[in-house]
Structures are given as structure tokens and as C-alpha cells.
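Undergrad: One structure, as C-alpha cells, below. Some questions next.
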Amino acid sequence: MIRLIQRLLKYTSIKHLDYQLLIDSLGKLREIAKKKLNEQSRKTEKHLLMFNIVHIIDNCRSEFLAVHHDYIEKFQVIELQQELTTVQLHLTRFLFSDCLEYM
């Protein structure tokens, strides 16, 4: 569609009544195309991130790849015992829109 309007502009006189409408239409179409491309890019990045997380988490359930399941943040924590010991467990937590998982 963008190429069609570009071609029309090429053969339309600047003085023609529709020339400005074609310019405006071309701008709006480019804006829509850019938004669609950005949206698709974000979706692809989200899917790749989810696949990587599922690969990292041991015994990860397959429902993590569900569409409604959104990754929010990854963070490191240290688990301490009530007794003061030198044993500390370093854990990685993954916060999702509906749960908290660890590895």
C-alpha cells in the first residue's frame, strides 16, 4: 500500500487537490507499519526470553509458555537459616505475572 501511494505521488502534480491527502495518507501508513513492526518485535523478544527461562529452570512446566503468562523480572536472593551458619543458598527467582518461580 505504501509503494502504491508513493507511485501515485510520483505522478501526481503538487498542485493537484489530492496531493496533500496522499502525503498525509503515506505518513499515516508509515506510522502504522512502524507500530506493527515494533509490536511484532516485542512479541518475538518476549517469546525468546520465555524459551530461555524455561530452558534455565529445572523441571520447568510447559504451561510457562502460555500466552497469558508474562515475565516481569529475574533477581538473585540468598536464603538464610534461622541458625547462624555459614551455609547460604544463592537462588535465582523469576517473577511472572501470575507466579514466582525459582531454580
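Here, A, B, ... name the chains of the C-alpha cells in the order displayed, residue numbers run from 1 inside each chain, and ligands are numbered from 1 in the same displayed order.
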At most 12 Å is the cut-off: for each residue in stretch 35-55 of chain A with any atom that close to an atom of stretch 84-100 of chain A, write down the nearest atom pair and the distance in Å rounded to one decimal, counting only C-alpha atoms, chain first then increasing number, as CSV.

TA:
residue,atom,partner,partner_atom,distance
A:Leu49,CA,A:Phe94,CA,11.7
A:Met50,CA,A:Phe96,CA,10.2
A:Asn52,CA,A:Phe94,CA,11.9
A:Ile53,CA,A:Phe94,CA,8.4
A:Val54,CA,A:Phe94,CA,10.4

Undergrad: Skipping near chain neighbours, those fewer than 3 positions away, what residues fall within 9 Å of stretch 17-25 of chain A using only C-alpha atoms, listed as an NGL selection string?

TA: :A and (2 or 5-6 or 8-9 or 12-14 or 28-30)

Undergrad: Based on DSSP run over this structure's backbone, return all residues of chain A in alpha helix (DSSP H), as JSON, numbers by chain.

TA: {"A": [2, 3, 4, 5, 6, 7, 8, 9, 10, 19, 20, 21, 22, 23, 24, 25, 26, 27, 28, 29, 30, 31, 32, 33, 34, 35, 36, 37, 38, 39, 40, 41, 42, 43, 44, 45, 46, 47, 48, 49, 50, 51, 52, 53, 54, 55, 56]}

Undergrad: Please, could you write that set of residues out with C-alpha atoms as a short mmCIF file (atom, residue, chain, number, x, y, z; two decimals), in the first residue's frame?

TA:
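Final output, selection33.cif:
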data_model
loop_
_atom_site.label_atom_id
_atom_site.label_comp_id
_atom_site.auth_asym_id
_atom_site.auth_seq_id
_atom_site.Cartn_x
_atom_site.Cartn_y
_atom_site.Cartn_z
CA ILE A 2 2.86 2.36 0.84
CA ARG A 3 4.51 1.69 -2.51
CA LEU A 4 1.25 2.33 -4.32
CA ILE A 5 0.83 5.74 -2.69
CA GLN A 6 4.50 6.54 -3.36
CA ARG A 7 3.94 5.74 -7.02
CA LEU A 8 0.79 7.87 -7.11
CA LEU A 9 2.73 10.75 -5.57
CA LYS A 10 5.44 10.37 -8.18
CA TYR A 19 -1.59 15.63 -3.44
CA GLN A 20 -1.67 16.68 0.24
CA LEU A 21 -4.13 13.88 1.03
CA LEU A 22 -1.70 11.39 -0.49
CA ILE A 23 1.17 12.85 1.58
CA ASP A 24 -0.94 12.58 4.75
CA SER A 25 -2.02 9.03 3.92
CA LEU A 26 1.57 7.99 3.28
CA GLY A 27 2.63 9.39 6.65
CA LYS A 28 -0.14 7.60 8.50
CA LEU A 29 0.56 4.30 6.74
CA ARG A 30 4.25 4.54 7.63
CA GLU A 31 3.33 5.24 11.24
CA ILE A 32 1.00 2.22 11.36
CA ALA A 33 3.63 -0.01 9.74
CA LYS A 34 6.23 1.13 12.27
CA LYS A 35 3.89 0.40 15.20
CA LYS A 36 3.09 -3.06 13.84
CA LEU A 37 6.76 -3.84 13.34
CA ASN A 38 7.63 -2.70 16.88
CA GLU A 39 4.76 -4.73 18.33
CA GLN A 40 5.84 -7.86 16.47
CA SER A 41 9.43 -7.31 17.56
CA ARG A 42 8.36 -7.07 21.23
CA LYS A 43 6.34 -10.27 20.92
CA THR A 44 9.28 -12.11 19.38
CA GLU A 45 11.64 -10.90 22.12
CA LYS A 46 9.12 -11.99 24.77
CA HIS A 47 8.84 -15.49 23.27
CA LEU A 48 12.62 -15.88 23.04
CA LEU A 49 13.01 -14.75 26.64
CA MET A 50 10.37 -17.24 27.81
CA PHE A 51 12.07 -20.10 25.95
CA ASN A 52 15.39 -19.19 27.55
CA ILE A 53 13.86 -19.08 31.03
CA VAL A 54 12.11 -22.43 30.54
CA HIS A 55 15.47 -23.86 29.50
CA ILE A 56 17.18 -22.44 32.62
#

Undergrad: Which of these, A:Lys74, A:His69, A:Glu79, A:Met1, has the shortest distance to A:Ile57 once you count only C-alpha atoms?

TA: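 Closest candidate: A:Lys74.
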
Undergrad: Would you work out the distance separating atom CA of A:Ile78 from atom CA of A:Cys60, expressed in Å to one decimal?

TA: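 Distance between the two atoms: 21.2 Å.
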
Undergrad: Residues of stretch 37-95 of chain A in strand (DSSP E) according to DSSP, as an MDAnalysis selection string?

TA: chainID A and resid 71:79 89:95

Undergrad: Take the residues from that selection and put them in a file with N, CA and C atoms, as a PDB file, in the first residue's frame.

TA:
ATOM      1  N   TYR A  71       6.596 -12.612  31.708  1.00  0.00           N
ATOM      2  CA  TYR A  71       7.804 -12.479  32.524  1.00  0.00           C
ATOM      3  C   TYR A  71       7.939 -11.029  32.971  1.00  0.00           C
ATOM      4  N   ILE A  72       8.270 -10.836  34.250  1.00  0.00           N
ATOM      5  CA  ILE A  72       8.420  -9.482  34.773  1.00  0.00           C
ATOM      6  C   ILE A  72       9.870  -9.188  35.160  1.00  0.00           C
ATOM      7  N   GLU A  73      10.465 -10.053  35.979  1.00  0.00           N
ATOM      8  CA  GLU A  73      11.804  -9.748  36.485  1.00  0.00           C
ATOM      9  C   GLU A  73      12.530 -11.010  36.946  1.00  0.00           C
ATOM     10  N   LYS A  74      13.844 -10.971  36.855  1.00  0.00           N
ATOM     11  CA  LYS A  74      14.715 -12.024  37.383  1.00  0.00           C
ATOM     12  C   LYS A  74      15.552 -11.383  38.476  1.00  0.00           C
ATOM     13  N   PHE A  75      15.675 -12.055  39.630  1.00  0.00           N
ATOM     14  CA  PHE A  75      16.507 -11.492  40.683  1.00  0.00           C
ATOM     15  C   PHE A  75      17.171 -12.595  41.494  1.00  0.00           C
ATOM     16  N   GLN A  76      18.278 -12.242  42.117  1.00  0.00           N
ATOM     17  CA  GLN A  76      19.061 -13.167  42.931  1.00  0.00           C
ATOM     18  C   GLN A  76      18.716 -12.935  44.401  1.00  0.00           C
ATOM     19  N   VAL A  77      18.574 -14.026  45.152  1.00  0.00           N
ATOM     20  CA  VAL A  77      18.322 -13.932  46.591  1.00  0.00           C
ATOM     21  C   VAL A  77      19.260 -14.886  47.314  1.00  0.00           C
ATOM     22  N   ILE A  78      19.434 -14.641  48.595  1.00  0.00           N
ATOM     23  CA  ILE A  78      20.223 -15.532  49.446  1.00  0.00           C
ATOM     24  C   ILE A  78      19.293 -16.049  50.524  1.00  0.00           C
ATOM     25  N   GLU A  79      19.198 -17.357  50.626  1.00  0.00           N
ATOM     26  CA  GLU A  79      18.346 -17.974  51.639  1.00  0.00           C
ATOM     27  C   GLU A  79      19.181 -18.191  52.890  1.00  0.00           C
ATOM     28  N   LEU A  89      22.324 -20.302  50.786  1.00  0.00           N
ATOM     29  CA  LEU A  89      21.915 -20.760  49.464  1.00  0.00           C
ATOM     30  C   LEU A  89      21.652 -19.550  48.569  1.00  0.00           C
ATOM     31  N   HIS A  90      22.331 -19.509  47.453  1.00  0.00           N
ATOM     32  CA  HIS A  90      22.104 -18.455  46.462  1.00  0.00           C
ATOM     33  C   HIS A  90      21.081 -18.982  45.458  1.00  0.00           C
ATOM     34  N   LEU A  91      19.978 -18.284  45.354  1.00  0.00           N
ATOM     35  CA  LEU A  91      18.886 -18.724  44.484  1.00  0.00           C
ATOM     36  C   LEU A  91      18.561 -17.648  43.453  1.00  0.00           C
ATOM     37  N   THR A  92      18.076 -18.097  42.331  1.00  0.00           N
ATOM     38  CA  THR A  92      17.581 -17.187  41.302  1.00  0.00           C
ATOM     39  C   THR A  92      16.067 -17.307  41.270  1.00  0.00           C
ATOM     40  N   ARG A  93      15.398 -16.187  41.345  1.00  0.00           N
ATOM     41  CA  ARG A  93      13.932 -16.150  41.299  1.00  0.00           C
ATOM     42  C   ARG A  93      13.495 -15.485  39.999  1.00  0.00           C
ATOM     43  N   PHE A  94      12.392 -15.991  39.470  1.00  0.00           N
ATOM     44  CA  PHE A  94      11.791 -15.412  38.267  1.00  0.00           C
ATOM     45  C   PHE A  94      10.371 -14.988  38.624  1.00  0.00           C
ATOM     46  N   LEU A  95      10.094 -13.717  38.491  1.00  0.00           N
ATOM     47  CA  LEU A  95       8.763 -13.195  38.778  1.00  0.00           C
ATOM     48  C   LEU A  95       7.977 -13.111  37.475  1.00  0.00           C
TER      49      LEU A  95
END
